[in-house]
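Shown here: query_36.cif, mmCIF, C-alpha atoms.
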data_model
loop_
_atom_site.label_atom_id
_atom_site.label_comp_id
_atom_site.auth_asym_id
_atom_site.auth_seq_id
_atom_site.Cartn_x
_atom_site.Cartn_y
_atom_site.Cartn_z
CA MET A 1 155.46 -36.50 -70.27
CA MET A 2 153.07 -34.34 -68.27
CA LEU A 3 152.07 -37.15 -65.91
CA GLY A 4 154.50 -37.27 -63.01
CA ALA A 5 156.57 -34.82 -60.99
CA SER A 6 159.06 -32.19 -62.28
CA ILE A 7 157.10 -30.26 -64.94
CA GLY A 8 154.09 -32.60 -64.93
CA ASN A 9 151.16 -33.45 -62.68
CA PRO A 10 152.52 -34.76 -59.34
CA ASP A 11 149.15 -36.22 -58.30
CA HIS A 12 149.19 -39.86 -59.45
CA ASP A 13 145.50 -40.42 -58.72
CA ASP A 14 144.53 -37.38 -60.78
CA SER A 15 146.79 -38.52 -63.60
CA ILE A 16 145.15 -41.94 -63.55
CA ARG A 17 141.72 -40.32 -63.83
CA ILE A 18 142.95 -38.34 -66.84
CA ILE A 19 144.14 -41.54 -68.54
CA HIS A 20 140.86 -43.33 -67.79
CA LYS A 21 138.81 -40.47 -69.27
CA ALA A 22 140.99 -40.50 -72.39
CA LEU A 23 140.45 -44.24 -72.80
CA ASP A 24 136.71 -43.86 -72.26
CA ALA A 25 136.67 -41.21 -75.01
CA GLY A 26 138.17 -43.67 -77.50
CA ILE A 27 141.89 -42.90 -77.30
CA ASN A 28 143.66 -46.25 -77.64
CA LEU A 29 147.38 -45.38 -77.71
CA ILE A 30 149.44 -44.28 -74.72
CA ASP A 31 152.99 -43.10 -75.24
CA THR A 32 155.38 -42.64 -72.34
CA ALA A 33 159.13 -43.01 -71.67
CA ASP A 34 161.43 -44.22 -68.94
CA ALA A 35 162.97 -40.74 -68.64
CA TYR A 36 159.66 -38.96 -68.03
CA ALA A 37 159.92 -37.95 -64.36
CA ARG A 38 162.61 -40.64 -64.03
CA GLY A 39 160.15 -43.53 -64.27
CA ALA A 40 157.17 -41.96 -62.49
CA SER A 41 155.21 -41.53 -65.73
CA GLU A 42 155.55 -45.24 -66.54
CA GLU A 43 154.43 -46.09 -63.01
CA VAL A 44 151.31 -43.93 -63.39
CA VAL A 45 150.49 -45.56 -66.72
CA GLY A 46 151.01 -49.02 -65.25
CA LYS A 47 148.54 -48.30 -62.44
CA ALA A 48 146.01 -46.76 -64.84
CA LEU A 49 146.04 -49.76 -67.20
CA LYS A 50 145.18 -52.39 -64.61
CA GLY A 51 142.31 -54.34 -66.15
CA ARG A 52 142.50 -52.36 -69.39
CA ARG A 53 145.89 -53.34 -70.78
CA ASP A 54 144.61 -55.39 -73.73
CA SER A 55 142.58 -52.49 -75.16
CA VAL A 56 145.58 -50.16 -75.41
CA VAL A 57 148.56 -49.87 -77.72
CA LEU A 58 151.27 -49.18 -75.15
CA ALA A 59 154.39 -47.34 -76.29
CA THR A 60 157.42 -46.31 -74.29
CA LYS A 61 160.95 -45.16 -75.00
CA VAL A 62 164.54 -45.63 -73.92
CA SER A 63 167.92 -43.86 -74.33
CA LEU A 64 167.72 -40.57 -72.39
CA PRO A 65 169.68 -40.50 -69.09
CA MET A 66 168.08 -42.28 -66.14
CA GLY A 67 170.77 -41.19 -63.70
CA ASP A 68 174.22 -39.69 -63.43
CA ASP A 69 175.88 -42.97 -64.37
CA PRO A 70 176.92 -42.74 -68.05
CA ASN A 71 175.95 -46.41 -68.41
CA GLN A 72 172.31 -45.57 -67.65
CA GLN A 73 171.55 -44.05 -71.02
CA GLY A 74 171.97 -44.52 -74.74
CA ALA A 75 171.05 -47.27 -77.18
CA SER A 76 173.68 -49.91 -76.43
CA ARG A 77 172.70 -53.56 -76.11
CA ARG A 78 173.71 -53.51 -72.44
CA TRP A 79 171.44 -50.61 -71.52
CA ILE A 80 168.48 -51.62 -73.69
CA MET A 81 168.41 -55.13 -72.22
CA ALA A 82 168.62 -53.82 -68.66
CA GLU A 83 166.21 -50.91 -68.99
CA VAL A 84 163.45 -52.77 -70.80
CA GLU A 85 163.07 -54.91 -67.68
CA ASN A 86 162.70 -51.78 -65.57
CA SER A 87 160.07 -50.38 -67.93
CA LEU A 88 158.13 -53.65 -67.93
CA ARG A 89 158.15 -53.63 -64.12
CA ARG A 90 157.02 -50.01 -63.85
CA LEU A 91 154.32 -50.52 -66.49
CA GLN A 92 153.16 -53.74 -64.79
CA THR A 93 153.00 -55.63 -68.07
CA ASP A 94 154.78 -58.56 -69.72
CA HIS A 95 155.14 -56.85 -73.10
CA ILE A 96 155.49 -53.44 -74.73
CA ASP A 97 153.61 -52.89 -77.97
CA LEU A 98 156.01 -50.26 -79.30
CA TYR A 99 159.52 -49.76 -77.91
CA GLN A 100 161.25 -46.65 -79.24
CA ILE A 101 164.76 -45.20 -79.14
CA GLN A 102 164.01 -41.73 -77.82
CA ARG A 103 167.03 -39.99 -79.32
CA PRO A 104 169.78 -41.16 -81.70
CA ASP A 105 172.90 -42.44 -79.95
CA PRO A 106 175.94 -41.44 -82.04
CA ASP A 107 178.20 -43.50 -79.77
CA THR A 108 176.46 -46.79 -80.61
CA ASP A 109 176.39 -48.45 -84.02
CA ILE A 110 172.81 -48.74 -85.27
CA GLU A 111 173.39 -52.45 -85.99
CA GLU A 112 174.01 -53.08 -82.28
CA THR A 113 170.82 -51.22 -81.37
CA LEU A 114 168.68 -53.04 -83.93
CA SER A 115 170.18 -56.38 -82.94
CA ALA A 116 169.20 -55.87 -79.30
CA LEU A 117 165.71 -54.69 -80.23
CA SER A 118 165.28 -57.65 -82.59
CA ASP A 119 166.08 -60.03 -79.73
CA LEU A 120 163.45 -58.33 -77.58
CA ILE A 121 160.86 -58.90 -80.31
CA ARG A 122 161.83 -62.56 -80.63
CA SER A 123 161.56 -62.97 -76.86
CA GLY A 124 158.02 -61.56 -76.88
CA LYS A 125 158.83 -58.67 -74.56
CA VAL A 126 158.39 -56.16 -77.39
CA ARG A 127 155.96 -56.28 -80.31
CA ALA A 128 157.37 -53.54 -82.57
CA ILE A 129 160.19 -51.01 -82.51
CA GLY A 130 160.55 -47.38 -83.51
CA SER A 131 162.75 -44.31 -83.43
CA SER A 132 162.16 -40.78 -82.23
CA THR A 133 163.48 -37.44 -83.47
CA MET A 134 165.85 -39.12 -85.91
CA PRO A 135 167.26 -37.15 -88.85
CA ALA A 136 166.18 -38.43 -92.24
CA SER A 137 169.65 -39.83 -92.98
CA ASP A 138 169.60 -41.88 -89.76
CA ILE A 139 166.17 -43.28 -90.59
CA LEU A 140 167.43 -44.39 -94.00
CA GLU A 141 170.57 -45.95 -92.53
CA ALA A 142 168.51 -47.90 -90.00
CA GLN A 143 166.23 -49.25 -92.74
CA TRP A 144 169.18 -50.33 -94.88
CA VAL A 145 171.04 -51.97 -91.97
CA ALA A 146 167.91 -53.89 -90.95
CA GLU A 147 167.45 -55.23 -94.47
CA ARG A 148 171.09 -56.16 -95.04
CA ARG A 149 171.63 -57.78 -91.64
CA GLY A 150 168.28 -59.54 -91.39
CA LEU A 151 167.20 -57.53 -88.36
CA GLU A 152 163.85 -56.10 -87.31
CA ARG A 153 163.33 -52.62 -88.72
CA PHE A 154 161.92 -49.47 -87.22
CA HIS A 155 158.20 -49.41 -87.98
CA THR A 156 157.57 -45.97 -86.52
CA GLU A 157 159.18 -42.57 -86.10
CA GLN A 158 158.19 -40.04 -83.45
CA PRO A 159 159.23 -36.57 -84.66
CA PRO A 160 158.33 -33.08 -83.43
CA TYR A 161 155.63 -31.46 -85.55
CA SER A 162 153.43 -28.41 -85.20
CA ILE A 163 152.50 -25.29 -87.13
CA LEU A 164 155.66 -23.69 -85.73
CA ASN A 165 157.94 -26.65 -86.50
CA ARG A 166 157.31 -28.04 -89.97
CA GLY A 167 160.85 -29.09 -90.86
CA ILE A 168 159.94 -32.78 -91.03
CA GLU A 169 157.69 -32.10 -94.03
CA ALA A 170 160.78 -31.81 -96.23
CA GLU A 171 162.33 -35.26 -95.71
CA VAL A 172 161.29 -37.15 -92.58
CA LEU A 173 157.59 -37.51 -93.41
CA PRO A 174 158.19 -38.42 -97.09
CA ILE A 175 160.75 -41.05 -96.06
CA ALA A 176 158.40 -42.46 -93.43
CA GLN A 177 155.70 -42.74 -96.08
CA ARG A 178 158.11 -44.38 -98.51
CA TYR A 179 159.02 -47.09 -96.00
CA GLY A 180 155.51 -47.54 -94.64
CA MET A 181 156.43 -46.21 -91.20
CA GLY A 182 153.83 -44.89 -88.81
CA THR A 183 154.50 -41.44 -87.40
CA LEU A 184 153.52 -40.38 -83.88
CA VAL A 185 154.18 -36.66 -83.92
CA TRP A 186 154.92 -34.95 -80.62
CA GLY A 187 154.44 -31.33 -79.63
CA PRO A 188 151.46 -30.52 -81.91
CA LEU A 189 150.65 -27.62 -79.58
CA GLY A 190 154.13 -26.17 -80.05
CA GLN A 191 155.16 -27.09 -76.48
CA GLY A 192 152.26 -24.94 -75.31
CA MET A 193 152.85 -21.90 -77.51
CA LEU A 194 149.79 -22.80 -79.60
CA THR A 195 147.35 -22.88 -76.68
CA GLY A 196 146.48 -19.19 -76.80
CA ARG A 197 148.04 -18.76 -73.37
CA VAL A 198 151.32 -17.39 -74.70
CA ARG A 199 151.17 -13.85 -76.08
CA LYS A 200 153.80 -11.38 -77.18
CA GLY A 201 154.68 -8.90 -74.42
CA GLN A 202 152.49 -10.65 -71.84
CA GLN A 203 153.19 -12.90 -68.87
CA THR A 204 152.01 -16.51 -69.13
CA ASP A 205 150.95 -19.03 -66.52
CA LEU A 206 152.17 -21.92 -68.65
CA VAL A 207 154.37 -24.09 -66.42
CA ARG A 208 156.90 -25.14 -69.05
CA ALA A 209 157.50 -21.54 -70.13
CA ALA A 210 159.76 -21.22 -67.10
CA PHE A 211 161.90 -24.15 -68.29
CA PHE A 212 162.21 -23.77 -72.06
CA LYS A 213 164.12 -20.99 -73.87
CA VAL A 214 161.99 -21.36 -77.00
CA PHE A 215 159.19 -19.39 -75.32
CA ASN A 216 161.33 -16.26 -75.61
CA ASP A 217 161.87 -16.59 -79.35
CA GLU A 218 160.51 -13.37 -80.86
CA ARG A 219 159.96 -15.00 -84.27
CA ARG A 220 157.76 -17.69 -82.75
CA LEU A 221 155.84 -15.16 -80.69
CA ALA A 222 155.19 -13.06 -83.79
CA ALA A 223 153.89 -16.11 -85.68
CA VAL A 224 151.66 -17.04 -82.75
CA GLU A 225 150.03 -13.61 -82.86
CA GLN A 226 149.16 -14.12 -86.52
CA LEU A 227 147.82 -17.60 -85.83
CA ILE A 228 145.64 -16.31 -82.99
CA LEU A 229 144.01 -13.88 -85.42
CA LEU A 230 143.50 -16.70 -87.93
CA ALA A 231 141.92 -18.93 -85.28
CA GLU A 232 139.56 -16.13 -84.29
CA GLU A 233 138.53 -15.59 -87.91
CA ALA A 234 137.91 -19.33 -88.28
CA GLY A 235 135.92 -19.41 -85.03
CA LEU A 236 138.26 -22.00 -83.50
CA PRO A 237 140.18 -22.22 -80.23
CA MET A 238 143.92 -22.18 -80.86
CA THR A 239 144.32 -25.71 -79.52
CA HIS A 240 141.79 -27.05 -82.01
CA LEU A 241 143.46 -25.24 -84.91
CA ALA A 242 146.85 -26.66 -83.92
CA MET A 243 145.68 -30.25 -83.46
CA ALA A 244 143.63 -30.26 -86.67
CA PHE A 245 146.66 -28.98 -88.59
CA ALA A 246 148.92 -31.73 -87.22
CA ILE A 247 146.67 -34.56 -88.38
CA ALA A 248 145.87 -33.00 -91.77
CA HIS A 249 149.19 -34.17 -93.25
CA PRO A 250 148.81 -37.58 -94.98
CA GLY A 251 152.15 -38.72 -93.54
CA VAL A 252 151.00 -38.27 -89.94
CA THR A 253 149.55 -41.37 -88.29
CA SER A 254 148.69 -39.80 -84.95
CA ALA A 255 149.34 -36.65 -82.97
CA LEU A 256 150.30 -37.12 -79.34
CA ILE A 257 148.58 -34.96 -76.74
CA GLY A 258 150.05 -34.22 -73.33
CA PRO A 259 147.39 -32.92 -70.94
CA ARG A 260 148.53 -32.06 -67.41
CA THR A 261 145.04 -31.48 -66.04
CA MET A 262 141.54 -32.78 -66.71
CA GLU A 263 140.61 -29.36 -68.13
CA HIS A 264 143.41 -29.66 -70.70
CA LEU A 265 142.10 -33.07 -71.78
CA ASP A 266 138.49 -31.87 -72.00
CA ASP A 267 139.54 -29.01 -74.29
CA LEU A 268 141.45 -31.32 -76.62
CA LEU A 269 138.67 -33.92 -76.73
CA ALA A 270 136.21 -31.22 -77.77
CA GLY A 271 138.28 -30.51 -80.89
CA PHE A 272 138.70 -34.03 -82.24
CA ASP A 273 136.08 -33.52 -84.97
CA VAL A 274 137.54 -30.24 -86.28
CA THR A 275 138.50 -30.25 -89.96
CA LEU A 276 140.50 -27.42 -91.54
CA THR A 277 139.60 -26.14 -95.00
CA ASP A 278 142.17 -25.66 -97.75
CA GLU A 279 141.73 -21.90 -97.30
CA ILE A 280 142.81 -22.07 -93.65
CA LEU A 281 145.72 -24.39 -94.47
CA ASP A 282 146.82 -21.96 -97.20
CA ARG A 283 146.76 -19.13 -94.65
CA ILE A 284 148.90 -21.20 -92.29
CA ASP A 285 151.36 -21.82 -95.14
CA GLU A 286 151.69 -18.06 -95.53
CA ILE A 287 152.50 -17.60 -91.84
CA VAL A 288 154.87 -20.56 -91.55
CA PRO A 289 156.08 -21.84 -94.95
CA PRO A 290 155.92 -25.63 -95.50
CA GLY A 291 159.04 -27.56 -94.50
CA THR A 292 160.39 -24.82 -92.23
CA ASP A 293 160.93 -24.43 -88.51
CA ILE A 294 160.63 -21.21 -86.56
CA GLY A 295 163.31 -21.49 -83.92
CA THR A 296 164.88 -24.62 -82.42
CA LEU A 297 163.06 -26.62 -79.77
CA ASP A 298 164.82 -27.10 -76.45
CA GLN A 299 164.22 -30.85 -76.76
CA ALA A 300 165.41 -31.03 -80.36
CA TYR A 301 168.11 -33.51 -81.30
CA LEU A 302 171.31 -31.85 -82.46
CA PRO A 303 173.73 -34.07 -84.44
CA PRO A 304 177.30 -34.15 -83.08
CA ALA A 305 178.55 -32.10 -86.05
CA ILE A 306 176.22 -29.27 -85.02
CA LYS A 307 176.48 -29.64 -81.27
CA SER A 308 180.28 -29.79 -81.07
CA SER A 309 182.28 -26.94 -82.61
CA SER A 310 185.39 -29.15 -82.67
CA LEU A 311 183.78 -31.25 -85.41
CA ARG A 312 183.23 -28.17 -87.59
CA ARG A 313 186.61 -26.51 -87.17
CA ARG A 314 190.05 -27.62 -88.21
CA PRO A 315 192.88 -27.04 -85.71
CA VAL A 316 194.09 -23.44 -85.88
CA SER A 317 197.37 -24.57 -87.44
CA GLU A 318 195.49 -26.15 -90.38
CA ARG A 319 193.06 -23.36 -91.23
CA THR A 320 195.09 -21.59 -93.88
CA ALA A 321 194.44 -22.25 -97.54
CA ALA A 322 198.13 -22.77 -98.29
#

Can you present the structure in this file as structure tokens?
Amino acid sequence: MMLGASIGNPDHDDSIRIIHKALDAGINLIDTADAYARGASEEVVGKALKGRRDSVVLATKVSLPMGDDPNQQGASRRWIMAEVENSLRRLQTDHIDLYQIQRPDPDTDIEETLSALSDLIRSGKVRAIGSSTMPASDILEAQWVAERRGLERFHTEQPPYSILNRGIEAEVLPIAQRYGMGTLVWGPLGQGMLTGRVRKGQQTDLVRAAFFKVFNDERRLAAVEQLILLAEEAGLPMTHLAMAFAIAHPGVTSALIGPRTMEHLDDLLAGFDVTLTDEILDRIDEIVPPGTDIGTLDQAYLPPAIKSSSLRRRPVSERTAA
């Protein structure tokens, strides 16, 4: 997400160098999306993978708006079939290893979505399919529909997960484990709040802090201060503490990193061998209890029943008990 204009790195050549260094360091999965910088991220990845495509598991996503046209979004058969061609063109490849629905689409029946994705697998344009930020109930429904209708099933889920957002530990991760789904967790650095560059009562130079409301959440800022002290006691940079926590859970397959600069990548690479002790993990549990979130992420998926007050409230004339 951080490779491309808007909130990311606008220098394509620099972004390509970052990708190449990551590949040289042993990273073998690249995750992008059509909506990242409205296609620019996929274009950068496509350029960077010239001559190296076969050594990479390439993942991208679809469903977020790609324009003002309401038909250029969602998980309908029409849009999936049209947009996958655009992603293949931008990525300069003839197949996508993992094609994911970036957010649930309440307006489209999951059977229609899985049917379209199944056809893409049969055509060879897609190797496997996955979901992202799906509630546990939606993941279960998708698995049941796939089995009953003879369709391809979601093999992966890409949920948000960090020390500050542990809600998926309650249901999503256990369900993913039950169904043998891989999990590619996003936001292990808490959207940047776990970098050590965000402090309570201080200004920050973090670019995304100007875009996301979550950076002003006093509860998160208070937790960050406690985690900074813990990291100092453990002799670890905050970024290394955060990344090591994310991959310590047995239900996590991989934790996605999103460096915007070469310096960001170098810092993360230096922490790949860090292992947290049970004592440190216990201390983290005390700061942020297991299975809980501190605040709501700006990019979080809100089900219609939560997002729309009209679905939670009867008409005024029907609100009496009589």

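Selection check: the PyMOL selection byres ((chain A and resi 241-247) around 8) on the shown file gives Tyr161, Ser162, Ile163, Val185, Pro188, Leu189, Leu194, Ala231, Leu236, Pro237, Met238, Thr239, His240, Ala248, His249, Pro250, Val252, Thr253, Ser254, Ala255, Gly271, Phe272, Val274, Thr275, Leu276 and Leu281 of chain A.
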
Give me the result of the PyMOL selection byres ((chain A and resi 46) around 9) on this file, residue by residue, as a PyMOL selection string.
chain A and resi 41-45+47-50+53+88-93

Just the residues within 12 Å of Pro304 (chain A), please, counting only C-alpha atoms, with nothing from its chain fewer than 4 positions along; format it as a PyMOL selection string.
chain A and resi 104-107+135+308-312

Considering all atoms listed in the file, return as a VMD selection string whatever protein or nucleic-acid residues lie within 10 Å of Asp94 (chain A), sequence-local ones (same chain, fewer than 5 positions apart) excluded.
chain A and resid 85 87 to 89 124 to 126

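Residues in contact with Pro290 (chain A) at up to 8 Å, not including ones fewer than 6 positions away on its chain and judged by all atoms listed in the file, are A:Arg166, A:Gly167, A:Glu169, A:Ala170.
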
Name the residues captured by the PyMOL selection byres ((chain A and resi 156) around 12) when it is applied to the shown file; answer as a ChimeraX atom specification.
/A:59,97-102,128-134,139,142-143,152-155,157-159,172-173,175-177,179-185,251-254

For a test of reading the model, state the distance in Å between CA of Thr204 (chain A) and CA of Leu221 (chain A), rounded to one decimal.
12.3 Å

Counting only C-alpha atoms, which of A:Gly291, A:Pro303, A:Gly187, A:Gly150 gets nearest to Met1 (chain A)?
A:Gly187

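With all atoms listed in the file as the atoms that count, the minimum distance from Gln73 (chain A) to the choices A:Asp34, A:Asp298, A:Asp205, A:Glu141 is reached by A:Asp34.
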
Interatomic distance between CA of Gly190 (chain A) and CA of Leu227 (chain A)?
12.1 Å

CA of Thr277 (chain A) to CA of Ile168 (chain A): how many Å, to one decimal?
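CA of Ile168 (chain A) lies 21.8 Å from CA of Thr277 (chain A).
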
Which is closest to Asn86 (chain A) among A:Leu140, A:Leu114, A:Val214, A:Ala33, if we use all atoms listed in the file?
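Of all the options, A:Ala33 lies closest to Asn86 (chain A).
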
Hey, which of A:Leu3, A:Thr195, A:Ala75, A:Leu58 ends up closest to Asp267 (chain A)? Count only C-alpha atoms.
A:Thr195

I'd like to know which of A:Leu265, A:Pro259, A:Ile16, A:Gln226 is closest to Glu286 (chain A), using all atoms listed in the file.
A:Gln226

Of the listed residues A:Arg103, A:Thr108, A:Ala136, A:Arg314, that which approaches Pro174 (chain A) most closely, counting only C-alpha atoms
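Looking only at the distances to Pro174 (chain A), the closest residue turns out to be A:Ala136.
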